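Student: Sharing data.txt below, compact mmCIF, C-alpha atoms:
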```
# COMPACT_ATOMS: atom_id res chain seq x y z
CA MET A 1 47.29 -46.03 -26.81
CA THR A 2 45.69 -42.59 -26.79
CA THR A 3 47.06 -40.18 -24.23
CA PHE A 4 44.62 -38.16 -22.15
CA THR A 5 45.63 -35.13 -20.09
CA PHE A 6 44.03 -34.47 -16.72
CA ALA A 7 44.68 -32.25 -13.74
CA ASN A 8 45.68 -35.12 -11.46
CA PRO A 9 48.99 -36.55 -12.69
CA THR A 10 48.81 -39.62 -10.42
CA ASP A 11 45.64 -40.96 -12.06
CA LEU A 12 46.11 -43.71 -14.60
CA ILE A 13 44.06 -43.19 -17.77
CA LEU A 14 43.48 -46.25 -19.97
CA GLU A 15 41.72 -46.38 -23.30
CA ILE A 16 38.71 -48.65 -23.71
CA PRO A 17 39.49 -50.83 -26.78
CA ALA A 18 37.31 -49.98 -29.77
CA ASN A 19 35.74 -53.45 -29.96
CA ALA A 20 34.93 -53.56 -26.22
CA GLN A 21 31.73 -51.53 -26.62
CA ASN A 22 30.44 -54.08 -29.15
CA GLN A 23 31.48 -56.97 -26.89
CA ALA A 24 29.68 -55.39 -23.95
CA ASP A 25 26.55 -54.86 -26.06
CA LEU A 26 26.63 -58.52 -27.13
CA GLN A 27 26.74 -59.52 -23.46
CA SER A 28 23.50 -57.64 -22.73
CA SER A 29 21.39 -60.77 -23.32
CA SER A 30 23.31 -62.42 -20.47
CA PHE A 31 21.37 -60.48 -17.79
CA SER A 32 17.86 -60.63 -16.42
CA ASN A 33 17.01 -56.91 -16.08
CA PRO A 34 18.22 -53.44 -17.14
CA THR A 35 19.99 -52.80 -13.81
CA SER A 36 22.13 -55.95 -14.05
CA ARG A 37 22.61 -55.37 -17.77
CA TYR A 38 24.09 -51.94 -17.13
CA GLN A 39 26.25 -53.28 -14.30
CA GLY A 40 27.59 -55.95 -16.67
CA TYR A 41 28.22 -53.31 -19.35
CA ILE A 42 30.30 -51.06 -17.05
CA ASN A 43 32.28 -54.03 -15.69
CA GLU A 44 32.98 -55.35 -19.19
CA LEU A 45 34.34 -51.94 -20.31
CA CYS A 46 36.42 -51.63 -17.12
CA LEU A 47 37.92 -55.12 -17.54
CA SER A 48 38.66 -54.58 -21.25
CA ALA A 49 40.83 -51.56 -20.39
CA VAL A 50 42.43 -52.63 -17.10
CA LEU A 51 43.32 -56.30 -17.84
CA PRO A 52 45.74 -55.43 -20.72
CA TRP A 53 47.46 -52.91 -18.42
CA LEU A 54 47.88 -55.54 -15.67
CA GLN A 55 49.21 -58.00 -18.26
CA GLU A 56 51.67 -55.43 -19.58
CA ASP A 57 52.86 -53.87 -16.32
CA PHE A 58 52.69 -56.85 -13.94
CA THR A 59 52.59 -60.23 -15.71
CA SER A 60 51.33 -61.53 -19.04
CA GLN A 61 49.75 -64.33 -16.97
CA ALA A 62 47.25 -61.96 -15.30
CA LYS A 63 43.80 -63.51 -15.72
CA VAL A 64 40.21 -63.22 -14.61
CA TRP A 65 39.06 -65.23 -11.57
CA PRO A 66 37.53 -67.75 -11.62
CA THR A 67 37.03 -67.70 -15.42
CA THR A 68 35.72 -65.27 -18.04
CA THR A 69 32.73 -67.54 -18.78
CA ALA A 70 31.58 -67.11 -15.15
CA LEU A 71 31.61 -63.30 -15.21
CA PRO A 72 27.94 -62.74 -16.13
CA SER A 73 26.88 -64.84 -13.12
CA PHE A 74 28.86 -62.45 -10.89
CA TRP A 75 27.79 -59.21 -12.61
CA GLU A 76 24.12 -60.21 -12.52
CA LEU A 77 24.43 -60.14 -8.72
CA VAL A 78 27.39 -57.99 -7.60
CA ASN A 79 29.49 -55.12 -8.97
CA GLY A 80 33.21 -55.85 -9.39
CA THR A 81 35.67 -58.21 -11.05
CA ALA A 82 38.60 -60.22 -9.66
CA VAL A 83 41.87 -60.53 -11.59
CA VAL A 84 44.68 -62.79 -10.40
CA VAL A 85 48.27 -61.64 -10.91
CA ASP A 86 50.54 -64.51 -9.79
CA ALA A 87 49.55 -64.99 -6.14
CA THR A 88 48.01 -61.51 -5.81
CA ARG A 89 44.35 -60.76 -6.39
CA PHE A 90 43.13 -57.39 -7.65
CA ILE A 91 39.46 -56.43 -7.33
CA LEU A 92 38.39 -53.93 -9.98
CA VAL A 93 35.57 -51.75 -8.63
CA PRO A 94 34.11 -49.75 -11.53
CA SER A 95 31.77 -46.78 -11.20
CA GLU A 96 30.42 -44.24 -13.65
CA THR A 97 30.05 -41.55 -11.03
CA ILE A 98 32.03 -38.32 -11.39
CA ASP A 99 32.14 -38.08 -7.59
CA LEU A 100 35.59 -39.43 -6.76
CA SER A 101 35.38 -38.68 -3.05
CA GLU A 102 35.35 -42.30 -1.87
CA LEU A 103 35.98 -45.91 -2.85
CA ARG A 104 32.90 -48.09 -2.24
CA VAL A 105 33.33 -51.88 -2.35
CA PRO A 106 30.49 -54.43 -2.12
CA GLN A 107 30.72 -56.50 1.06
CA GLU A 108 31.00 -59.77 -0.91
CA TRP A 109 34.49 -58.81 -2.18
CA VAL A 110 35.63 -58.08 1.38
CA ASP A 111 33.93 -60.65 3.62
CA LEU A 112 33.71 -63.84 1.52
CA PRO A 113 36.96 -65.77 2.09
CA SER A 114 37.17 -67.15 -1.46
CA TRP A 115 36.30 -63.80 -3.07
CA ALA A 116 38.45 -61.37 -1.05
CA GLY A 117 41.33 -59.61 -2.76
CA ASP A 118 44.67 -58.05 -1.88
CA TYR A 119 44.24 -54.73 -3.69
CA TYR A 120 41.02 -52.90 -4.58
CA LEU A 121 41.24 -50.52 -7.55
CA ALA A 122 38.87 -47.56 -7.81
CA VAL A 123 37.99 -47.25 -11.51
CA GLN A 124 35.91 -44.47 -13.05
CA VAL A 125 34.41 -45.59 -16.38
CA GLU A 126 33.63 -43.05 -19.11
CA PRO A 127 31.86 -45.03 -21.88
CA ASP A 128 31.10 -42.01 -24.09
CA GLU A 129 34.64 -40.64 -23.84
CA GLY A 130 36.18 -44.08 -24.37
CA TYR A 131 38.45 -44.30 -21.35
CA VAL A 132 38.68 -45.47 -17.75
CA ARG A 133 40.51 -43.69 -14.96
CA ILE A 134 42.12 -45.64 -12.09
CA TRP A 135 42.22 -42.97 -9.40
CA GLY A 136 43.24 -44.88 -6.28
CA TYR A 137 43.56 -48.17 -4.50
CA SER A 138 43.43 -49.77 -1.06
CA THR A 139 44.39 -53.06 0.55
CA HIS A 140 41.89 -55.52 1.99
CA GLU A 141 43.33 -54.93 5.44
CA LYS A 142 42.73 -51.17 5.29
CA LEU A 143 39.26 -51.50 3.80
CA LYS A 144 38.20 -54.00 6.46
CA ASN A 145 39.82 -52.32 9.47
CA GLN A 146 39.43 -48.63 8.62
CA GLY A 147 36.59 -48.56 6.09
CA ASN A 148 33.07 -47.45 6.96
CA TYR A 149 30.55 -50.28 6.69
CA ASP A 150 27.14 -49.20 5.36
CA ALA A 151 24.50 -51.78 6.29
CA GLY A 152 22.01 -50.14 3.90
CA ASP A 153 23.80 -51.10 0.71
CA ARG A 154 26.28 -53.55 2.27
CA THR A 155 29.45 -51.78 1.20
CA TYR A 156 32.76 -50.83 2.76
CA SER A 157 33.93 -47.33 1.87
CA LEU A 158 37.11 -45.33 2.29
CA ASP A 159 37.42 -41.58 1.87
CA VAL A 160 39.67 -40.40 -0.97
CA THR A 161 42.15 -39.14 1.65
CA GLU A 162 42.43 -42.69 3.06
CA ILE A 163 43.35 -44.48 -0.15
CA ILE A 164 46.59 -44.42 -2.12
CA ASN A 165 46.11 -42.12 -5.11
CA ASP A 166 49.41 -42.68 -6.92
CA ILE A 167 48.83 -45.80 -9.02
CA SER A 168 52.52 -46.03 -9.96
CA LEU A 169 53.21 -47.09 -6.34
CA LEU A 170 51.26 -50.31 -6.91
CA ALA A 171 53.85 -51.82 -9.27
CA VAL A 172 56.69 -50.64 -7.02
CA THR A 173 55.06 -52.24 -3.96
CA GLN A 174 54.48 -55.48 -5.89
CA GLU A 175 58.09 -55.59 -7.03
CA LEU A 176 59.83 -54.57 -3.80
CA CYS A 177 57.45 -56.04 -1.21
CA PRO A 178 55.71 -59.02 -2.84
CA GLN A 179 55.14 -60.54 0.61
CA ALA A 180 53.59 -57.34 2.04
CA ASN A 181 50.68 -58.06 4.34
CA THR A 182 47.61 -56.93 2.42
CA ARG A 183 44.80 -58.99 3.94
CA THR A 184 43.19 -59.30 7.31
CA ALA A 185 41.59 -62.51 8.61
CA ILE A 186 37.96 -63.23 7.70
CA SER A 187 35.70 -65.73 9.42
CA PRO A 188 34.25 -68.36 7.10
CA LEU A 189 30.47 -68.34 6.75
CA PRO A 190 28.43 -71.28 8.05
CA ASN A 191 27.52 -73.91 5.45
CA LEU A 192 23.96 -73.65 4.14
CA PRO A 193 21.85 -76.81 4.21
CA GLN A 194 20.93 -77.93 0.70
CA GLN A 195 17.16 -77.50 1.12
CA GLN A 196 17.58 -73.96 2.42
CA ALA A 197 19.85 -73.08 -0.51
CA GLN A 198 17.31 -74.42 -3.00
CA ASN A 199 14.51 -72.45 -1.33
CA LEU A 200 16.60 -69.27 -1.54
CA ILE A 201 17.42 -69.90 -5.22
CA ALA A 202 13.71 -70.31 -5.97
CA ARG A 203 12.88 -67.09 -4.10
CA LEU A 204 15.76 -64.93 -5.39
CA GLY A 205 15.67 -66.49 -8.86
CA LYS A 206 12.73 -64.28 -9.86
CA SER A 207 14.12 -61.55 -12.11
CA GLU A 208 11.79 -58.95 -10.55
CA VAL A 209 13.91 -59.19 -7.38
CA LEU A 210 16.28 -56.47 -8.64
CA THR A 211 18.83 -56.60 -5.81
CA PRO A 212 18.84 -60.17 -4.47
CA ARG A 213 22.06 -59.40 -2.56
CA LEU A 214 20.09 -57.13 -0.20
CA ALA A 215 16.98 -59.31 0.08
CA ILE A 216 18.25 -61.74 2.74
CA PRO A 217 20.78 -61.52 5.63
CA PHE A 218 24.40 -61.46 4.48
CA GLN A 219 25.25 -64.72 6.28
CA LEU A 220 22.70 -66.54 4.09
CA TRP A 221 23.49 -64.61 0.91
CA GLY A 222 27.23 -65.10 1.27
CA GLY A 223 26.85 -68.82 1.99
CA LEU A 224 24.71 -69.14 -1.14
CA ILE A 225 26.84 -67.35 -3.72
CA GLU A 226 30.26 -68.41 -2.42
CA HIS A 227 29.28 -71.90 -3.65
CA GLY A 228 29.98 -71.69 -7.39
CA GLY A 229 27.30 -74.24 -8.27
CA TRP A 230 24.58 -72.40 -6.34
CA ARG A 231 25.67 -69.04 -7.77
CA GLN A 232 25.34 -70.49 -11.28
CA SER A 233 21.94 -72.03 -10.45
CA LEU A 234 20.65 -68.71 -9.13
CA TYR A 235 21.95 -66.90 -12.20
CA GLN A 236 20.40 -69.41 -14.62
CA GLN A 237 17.10 -69.29 -12.76
CA ARG A 238 17.03 -65.49 -12.99
CA LEU A 239 17.53 -65.76 -16.76
CA GLY A 240 14.80 -68.40 -17.04
CA LEU A 241 17.22 -70.93 -18.53
CA PRO A 242 16.42 -74.66 -18.46
CA GLU A 243 18.48 -76.94 -16.20
CA GLN A 244 22.08 -76.81 -17.48
CA TRP A 245 23.74 -79.44 -15.26
CA SER A 246 21.69 -82.62 -15.67
CA VAL A 247 24.07 -85.46 -16.54
CA LEU A 248 21.21 -87.68 -17.74
CA ARG A 249 20.04 -84.91 -20.08
CA TRP A 250 23.61 -84.46 -21.36
CA LEU A 251 23.75 -88.17 -22.22
CA GLN A 252 20.35 -88.11 -23.95
CA ARG A 253 20.44 -84.78 -25.79
CA GLY A 254 24.03 -83.57 -25.71
CA VAL A 255 25.95 -81.38 -23.29
CA SER A 256 24.31 -78.03 -22.44
CA GLN A 257 25.76 -74.77 -23.74
CA ALA A 258 26.80 -73.62 -20.25
CA ALA A 259 28.70 -76.87 -19.63
CA GLU A 260 30.22 -76.93 -23.10
CA ASN A 261 31.52 -73.38 -22.58
CA ILE A 262 33.72 -74.56 -19.71
CA GLY A 263 35.00 -77.76 -21.31
CA TRP A 264 32.45 -80.57 -20.84
CA GLY A 265 31.74 -82.82 -23.79
CA ARG A 266 31.07 -86.37 -24.91
CA LEU A 267 34.29 -88.35 -25.07
CA ASN A 268 35.78 -89.09 -28.44
CA LEU A 269 37.38 -92.34 -27.39
CA GLN A 270 41.12 -91.97 -27.81
CA LEU A 271 43.72 -94.71 -27.86
CA SER A 272 44.95 -93.69 -24.46
CA PHE A 273 41.70 -94.89 -22.92
CA VAL A 274 41.29 -98.16 -24.79
CA GLY A 275 41.49 -100.94 -22.25
CA GLY A 276 41.22 -98.54 -19.33
CA LYS A 277 39.20 -100.07 -16.53
CA GLY A 278 35.62 -98.92 -16.71
CA VAL A 279 35.90 -97.49 -20.19
CA GLU A 280 35.39 -100.77 -22.06
CA GLU A 281 32.25 -101.35 -20.01
CA ALA A 282 30.59 -98.20 -21.31
CA GLN A 283 29.72 -96.98 -24.79
CA ALA A 284 32.10 -94.22 -25.90
CA ASP A 285 29.24 -91.80 -26.53
CA SER A 286 27.92 -92.34 -23.00
CA ILE A 287 31.16 -91.13 -21.39
CA LEU A 288 31.36 -87.47 -20.41
CA SER A 289 34.70 -85.75 -20.25
CA ARG A 290 36.02 -82.45 -18.91
CA GLN A 291 39.49 -81.14 -19.82
CA LEU A 292 41.41 -79.59 -16.93
CA ALA A 293 44.71 -77.75 -16.64
CA ILE A 294 46.49 -78.66 -13.39
CA ALA A 295 50.03 -77.59 -12.51
CA GLY A 296 50.94 -76.96 -16.14
CA GLN A 297 49.61 -80.25 -17.54
CA THR A 298 46.33 -81.29 -19.14
CA TYR A 299 44.13 -83.86 -17.42
CA GLU A 300 40.78 -85.39 -18.23
CA LEU A 301 37.96 -85.95 -15.76
CA LEU A 302 35.63 -88.70 -17.00
CA VAL A 303 32.11 -89.50 -15.82
CA ILE A 304 31.28 -93.08 -16.82
CA PRO A 305 27.91 -94.81 -16.21
CA GLN A 306 28.25 -98.45 -15.14
CA GLY A 307 25.99 -101.21 -13.87
CA GLU A 308 22.35 -101.65 -14.88
CA PRO A 309 20.43 -98.76 -16.49
CA ASP A 310 17.84 -98.76 -13.69
CA ALA A 311 20.54 -98.83 -10.98
CA PRO A 312 23.60 -97.14 -12.46
CA ILE A 313 26.88 -96.68 -10.66
CA TRP A 314 28.76 -93.56 -11.71
CA ARG A 315 32.52 -93.72 -12.01
CA PHE A 316 34.46 -90.44 -11.78
CA GLU A 317 37.93 -90.99 -13.19
CA LEU A 318 40.91 -88.64 -13.50
CA ARG A 319 43.69 -89.33 -16.03
CA ASN A 320 46.59 -87.44 -17.55
CA ALA A 321 45.57 -86.44 -21.09
CA THR A 322 49.03 -87.36 -22.41
CA VAL A 323 49.26 -91.04 -23.31
CA GLY A 324 51.47 -92.97 -20.92
CA THR A 325 51.90 -90.08 -18.47
CA ALA A 326 51.05 -90.71 -14.82
CA ILE A 327 49.20 -88.65 -12.24
CA PRO A 328 51.81 -87.43 -9.71
CA GLY A 329 51.75 -88.50 -6.08
CA GLY A 330 49.79 -86.15 -3.83
CA PHE A 331 46.86 -85.66 -6.23
CA LYS A 332 43.36 -86.18 -4.79
CA LEU A 333 40.00 -86.76 -6.47
CA ARG A 334 37.09 -86.12 -4.13
CA LEU A 335 33.29 -86.21 -4.43
CA LEU A 336 30.98 -84.30 -2.10
CA THR A 337 27.23 -83.88 -1.71
CA GLU A 338 25.68 -80.71 -3.17
CA ASP A 339 26.11 -78.93 0.19
CA LEU A 340 29.76 -80.05 0.31
CA GLN A 341 29.48 -82.87 2.84
CA PRO A 342 31.77 -85.94 2.57
CA PHE A 343 30.44 -89.50 2.53
CA PRO A 344 32.11 -92.96 2.91
CA ASN A 345 34.73 -93.80 0.25
CA ASN A 346 34.33 -90.42 -1.41
CA GLU A 347 37.96 -89.81 -2.35
CA ASP A 348 40.97 -91.42 -4.00
CA ILE A 349 44.49 -90.23 -3.20
CA ALA A 350 47.65 -90.89 -5.23
CA THR A 351 50.24 -91.84 -2.60
CA THR A 352 52.71 -92.37 -5.47
CA ALA A 353 52.47 -91.73 -9.23
CA VAL A 354 49.44 -93.63 -10.62
CA GLU A 355 47.77 -94.12 -13.99
CA GLN A 356 44.36 -92.99 -12.74
CA LEU A 357 42.32 -91.90 -9.74
CA PHE A 358 38.69 -92.94 -9.49
CA VAL A 359 35.70 -92.86 -7.17
CA GLU A 360 32.52 -94.86 -7.83
CA VAL A 361 29.21 -93.77 -6.40
CA ALA A 362 25.61 -95.06 -6.57
CA LEU A 363 23.14 -92.18 -6.79
CA GLU A 364 19.38 -91.99 -6.47
CA PRO A 365 17.52 -90.08 -9.22
CA GLY A 366 17.60 -86.38 -8.35
CA GLU A 367 20.81 -86.58 -6.29
CA SER A 368 23.70 -84.24 -7.03
CA ILE A 369 27.49 -84.42 -6.78
CA VAL A 370 30.23 -81.78 -6.53
CA TRP A 371 33.73 -82.84 -7.63
CA GLU A 372 37.02 -81.48 -6.27
CA ILE A 373 40.62 -82.12 -7.26
CA GLU A 374 43.81 -81.24 -5.41
CA PRO A 375 45.92 -79.46 -6.55
CA LEU A 376 43.19 -77.10 -7.73
CA PRO A 377 42.63 -77.00 -11.51
CA GLU A 378 43.05 -73.63 -13.22
CA ASN A 379 39.81 -71.61 -13.44
CA TYR A 380 38.13 -73.96 -10.93
CA ASP A 381 34.59 -72.95 -10.06
CA ARG A 382 32.41 -75.45 -8.20
CA GLU A 383 29.88 -77.31 -10.33
CA ILE A 384 26.80 -79.23 -9.22
CA LEU A 385 26.26 -82.27 -11.44
CA LYS A 386 22.66 -83.49 -11.18
CA PHE A 387 21.78 -87.15 -11.76
```
Have the structure of the file written as C-alpha cells, please.
Tutor:
Amino acid sequence: MTTFTFANPTDLILEIPANAQNQADLQSSSFSNPTSRYQGYINELCLSAVLPWLQEDFTSQAKVWPTTTALPSFWELVNGTAVVVDATRFILVPSETIDLSELRVPQEWVDLPSWAGDYYLAVQVEPDEGYVRIWGYSTHEKLKNQGNYDAGDRTYSLDVTEIINDISLLAVTQELCPQANTRTAISPLPNLPQQQAQNLIARLGKSEVLTPRLAIPFQLWGGLIEHGGWRQSLYQQRLGLPEQWSVLRWLQRGVSQAAENIGWGRLNLQLSFVGGKGVEEAQADSILSRQLAIAGQTYELLVIPQGEPDAPIWRFELRNATVGTAIPGGFKLRLLTEDLQPFPNNEDIATTAVEQLFVEVALEPGESIVWEIEPLPENYDREILKF
C-alpha cells in the first residue's frame, strides 16, 4: 500500500489497485452513453479501493449489494454503490470534484427503503494520481433530517462542517456501538401497475434520455427501479440488448448471458433428483436450475415444464443441493405476478423439515412470474421470468 501525505490527517487515502483501471475500461461497453460510462468508471475505481479496506478493517465478509453482476444496471442510472458489512450498509458516494465542501447523495440511496444505507462515505476519486480519498461520512438519519434536499438534481447534501471528517471514528463506532441508531424511517413507495412500468421502461429505455432518473416524478421512478426485475429490464433496453429473461427462449436456445452470470443454467440431472416428483416427467435438458446460497447452505431452484406443450404447467421447486439433506422448517417458496401481487395457491411453506417445496402454476403466453424465498438468498435481486 502506497502512503500519500496530505494536509488533513483525518482523511483516509487508499490506493487504486493497478488492475482496476483496466477492469473499469473493460466495463465501458456495459453502458449506453458516455455520461453513464464515466459514472461507471468512477464508481468501479472507488469500489476497487474502498472494498478491500472495508474487508480488512471491518470484516472479510464485506460484500457488494445486491451483487457485483448487478452493478452496471445501477451505475447506468444512479451514482453510488452499496456495500454490506454484517448487518450494516455503507453507501459509497464517489466524486471527482476537488470541491470538498459538501457531501451530495442521490435521493434513491436515501428514500428507497431497500436501497437506503446506515453510513454514507464521501469519496474523492483521483484516477490520474491512482488514489481515492475518503474525507467524511454521515448517517442516514442525519442526511435525511438535516440535509438540504435539492429538487433540481434530486440529491440530499450536507455541508462539510455537518459531516464527521475523522474516518477512524467509523470503526470505533461500529465496534463500540454496533446497535447505534443510524437510520430514520422512510415511507414505502406505492406499487406501480405492470402496464405503467412497461410504458415507463419503453420511454426511458431510449439511450438518448441521458438522465432518466430526472425525467419522471420520483414516486414513479423510485417504484420502477426499486423492483430489481424492472431495473434490469430498463438497463437492458437502454443497451439495446435482446430479451434476457424469456424461459421459453432459454429452453430453445440456451440460457442468456445475463441469466447465466447469476447462476441460471440447464440442469445436469444429478442422482439426488432421480425419482423426484416432477423431474421424471420432464426431460433433463428442459429443466432450468438456479443455485442459491441460503443461511450458509446451497439450494437449487428448479423450473420444470409439465403437462401438454400447448398448455404447460410450470413447477417451481426448491431443494437442498446436498443429497439427502432437508429444507428446514420455516422456509417459504412464493410466486408473485410481475408487479408483485399474490394469487391463489402461490406459496408453499415448510412447517417442519421437508425434502422439497414446490408451487405449480399455469401461465398464458406472455405472462411473467417473480419468485421469492424466505429466508432471503444471498445476493437476492428480483428477477422477472417471462413465459
Student: Counting all atoms listed in the file, give me one row per residue of range 53-125 of chain A with an atom at most 9 Å from an atom of range 18-40 of chain A, showing the shortest contact pair and its distance in Å to one decimal, sorted by chain then residue number, as a tab-separated table.
Tutor:
```
residue	atom	partner	partner_atom	distance
A:Leu71	CA	A:Gly40	CA	8.5
A:Pro72	CA	A:Ser30	CA	6.4
A:Ser73	CA	A:Phe31	CA	8.4
A:Phe74	CA	A:Gly40	CA	8.8
A:Trp75	CA	A:Gly40	CA	5.2
A:Glu76	CA	A:Ser36	CA	4.9
A:Leu77	CA	A:Ser36	CA	7.2
A:Val78	CA	A:Gln39	CA	8.3
A:Asn79	CA	A:Gln39	CA	6.5
A:Gly80	CA	A:Gln39	CA	8.9
```
Student: With C-alpha atoms retained, export the selected residues as an mmCIF file, in the coordinates of the input.
Tutor:
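Written file, out-v7.cif:
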```cif
data_model
loop_
_atom_site.group_PDB
_atom_site.id
_atom_site.type_symbol
_atom_site.label_atom_id
_atom_site.label_comp_id
_atom_site.auth_asym_id
_atom_site.auth_seq_id
_atom_site.Cartn_x
_atom_site.Cartn_y
_atom_site.Cartn_z
ATOM 1 C CA LEU A 71 31.610 -63.300 -15.210
ATOM 2 C CA PRO A 72 27.940 -62.740 -16.130
ATOM 3 C CA SER A 73 26.880 -64.840 -13.120
ATOM 4 C CA PHE A 74 28.860 -62.450 -10.890
ATOM 5 C CA TRP A 75 27.790 -59.210 -12.610
ATOM 6 C CA GLU A 76 24.120 -60.210 -12.520
ATOM 7 C CA LEU A 77 24.430 -60.140 -8.720
ATOM 8 C CA VAL A 78 27.390 -57.990 -7.600
ATOM 9 C CA ASN A 79 29.490 -55.120 -8.970
ATOM 10 C CA GLY A 80 33.210 -55.850 -9.390
#
```
Student: Contacts between range 324-343 of chain A and range 154-271 of chain A, please, where a residue of range 154-271 of chain A counts if it comes within 10 Å (with all atoms listed in the file); show its shortest atom pair and distance in Å to one decimal, rows by chain and ascending number, as JSON lines.
Tutor:
```
{"residue": "A:Asn191", "atom": "CA", "partner": "A:Asp339", "partner_atom": "CA", "distance": 7.4}
{"residue": "A:Leu192", "atom": "CA", "partner": "A:Asp339", "partner_atom": "CA", "distance": 6.9}
{"residue": "A:Pro193", "atom": "CA", "partner": "A:Asp339", "partner_atom": "CA", "distance": 6.2}
{"residue": "A:Gln194", "atom": "CA", "partner": "A:Asp339", "partner_atom": "CA", "distance": 5.3}
{"residue": "A:Gln195", "atom": "CA", "partner": "A:Asp339", "partner_atom": "CA", "distance": 9.1}
{"residue": "A:Ala197", "atom": "CA", "partner": "A:Asp339", "partner_atom": "CA", "distance": 8.6}
{"residue": "A:Leu224", "atom": "CA", "partner": "A:Asp339", "partner_atom": "CA", "distance": 10.0}
{"residue": "A:His227", "atom": "CA", "partner": "A:Asp339", "partner_atom": "CA", "distance": 8.6}
{"residue": "A:Gly229", "atom": "CA", "partner": "A:Glu338", "partner_atom": "CA", "distance": 8.4}
{"residue": "A:Trp230", "atom": "CA", "partner": "A:Glu338", "partner_atom": "CA", "distance": 9.0}
```
Student: Any idea what's packed within 10 Å of Leu376 in chain A, counting all atoms listed in the file, ignoring anything in its chain fewer than 5 positions away? Could you give it as a PyMOL selection string?
Tutor: chain A and resi 292-295+331-332+381
Student: Provide the CA of Ala49 in chain A to CA of Ile262 in chain A distance in Å, to one decimal place.
Tutor: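 Atom-to-atom, CA of Ala49 in chain A and CA of Ile262 in chain A are spaced 24.1 Å apart.
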Student: Write out as a list in words the residues lying within 9 Å of Asn345 in chain A, counting all atoms listed in the file and excluding same-chain residues fewer than 3 positions away.
Tutor: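 Neighbouring residues, sequence-local ones excluded: Pro342, Asp348, Val359, Glu360 and Val361 of chain A.
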Student: Using all atoms listed in the file, determine which residues lie at most 6 Å from range 176-187 of chain A, disregarding the query and same-chain residues fewer than 5 positions distant; provide the list as a PyMOL selection string.
Tutor: chain A and resi 118+139-141
Student: Which is closer to Val247 in chain A than all the others in A:Thr211, A:Gln198, A:Ser233, A:Ser368, using only C-alpha atoms?
Tutor: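 The closest residue to Val247 in chain A is A:Ser368.
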Student: Can you work out which one of A:Gln146, A:Glu102, A:Ala311, A:Ser168 has the shortest atom-to-atom distance to Glu364 in chain A, counting all atoms listed in the file?
Tutor: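 Of A:Gln146, A:Glu102, A:Ala311, A:Ser168, the one nearest Glu364 in chain A is A:Ala311, counting all atoms listed in the file.
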Student: Between CA of Gly296 in chain A and CA of Ile373 in chain A, what distance in Å does the model show, to one decimal?
Tutor: 14.6 Å
Student: Would you list the residues near (25.9, -83.5, -13.8), meaning any protein, DNA or RNA residue with an atom at most 8 Å from that point in file coordinates, counting only C-alpha atoms, as a list in words?
Tutor: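 Neighbouring residues, ordered by chain and number, come to Trp245, Ser246, Val247, Leu248, Trp250, Ser368, Ile369, Ile384, Leu385, Lys386 and Phe387 of chain A.
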Student: Using the file's own x, y and z axes, so that the box edges lie along x, y and z, what centre and edge lengths in Å (one decimal) does a box around every listed atom of range 228-235 of chain A get when 6 Å is added on each side? Give it as AutoDock Vina command-line options.
Tutor:
```
--center_x 25.3 --center_y -70.6 --center_z -9.3 --size_x 21.3 --size_y 19.3 --size_z 17.9
```
Student: Quick one: of A:Glu126, A:Asp150, A:Glu162, A:Glu300, who's nearest to Val323 in chain A, counting all atoms listed in the file?
Tutor: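 Selected residue with least distance to Val323 in chain A: A:Glu300.
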Student: Contacts of range 216-223 of chain A at 10 Å or less, counting only C-alpha atoms, minus same-chain residues fewer than 6 places along, as a PyMOL selection string?
Tutor: chain A and resi 107-108+111-113+151+154+188-193+196-197+200+204+230-231
Student: Quick one: distance from CA of Gly152 in chain A to CA of Gly136 in chain A in Å, one decimal?
Tutor: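 Atom-to-atom, CA of Gly152 in chain A and CA of Gly136 in chain A are spaced 24.1 Å apart.
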Student: Between A:Thr81, A:Gln237, A:Phe316, A:Asp86, which has the minimum distance to Thr67 in chain A (counting all atoms listed in the file)?
Tutor: A:Thr81
Student: Determine the nearest neighbour of Ile287 in chain A from the options A:Gln356, A:Gln252, A:Asn261, A:Ser114, counting all atoms listed in the file.
Tutor: A:Gln252
Student: Near Pro309 in chain A, counting all atoms listed in the file, which residues have an atom at most 12 Å away, once you skip same-chain residues fewer than 4 positions from it, shown as an MDAnalysis selection string?
Tutor: chainID A and resid 248 282 286 305 313:314 362 365
Student: If you keep C-alpha atoms, can you produce a file of those selected residues as a compact mmCIF listing (two decimals), in the frame of the given file?
Tutor:
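After the write, again-v4.txt holds the following:
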```txt
# COMPACT_ATOMS: atom_id res chain seq x y z
CA LEU A 248 21.21 -87.68 -17.74
CA ALA A 282 30.59 -98.20 -21.31
CA SER A 286 27.92 -92.34 -23.00
CA PRO A 305 27.91 -94.81 -16.21
CA ILE A 313 26.88 -96.68 -10.66
CA TRP A 314 28.76 -93.56 -11.71
CA ALA A 362 25.61 -95.06 -6.57
CA PRO A 365 17.52 -90.08 -9.22
```
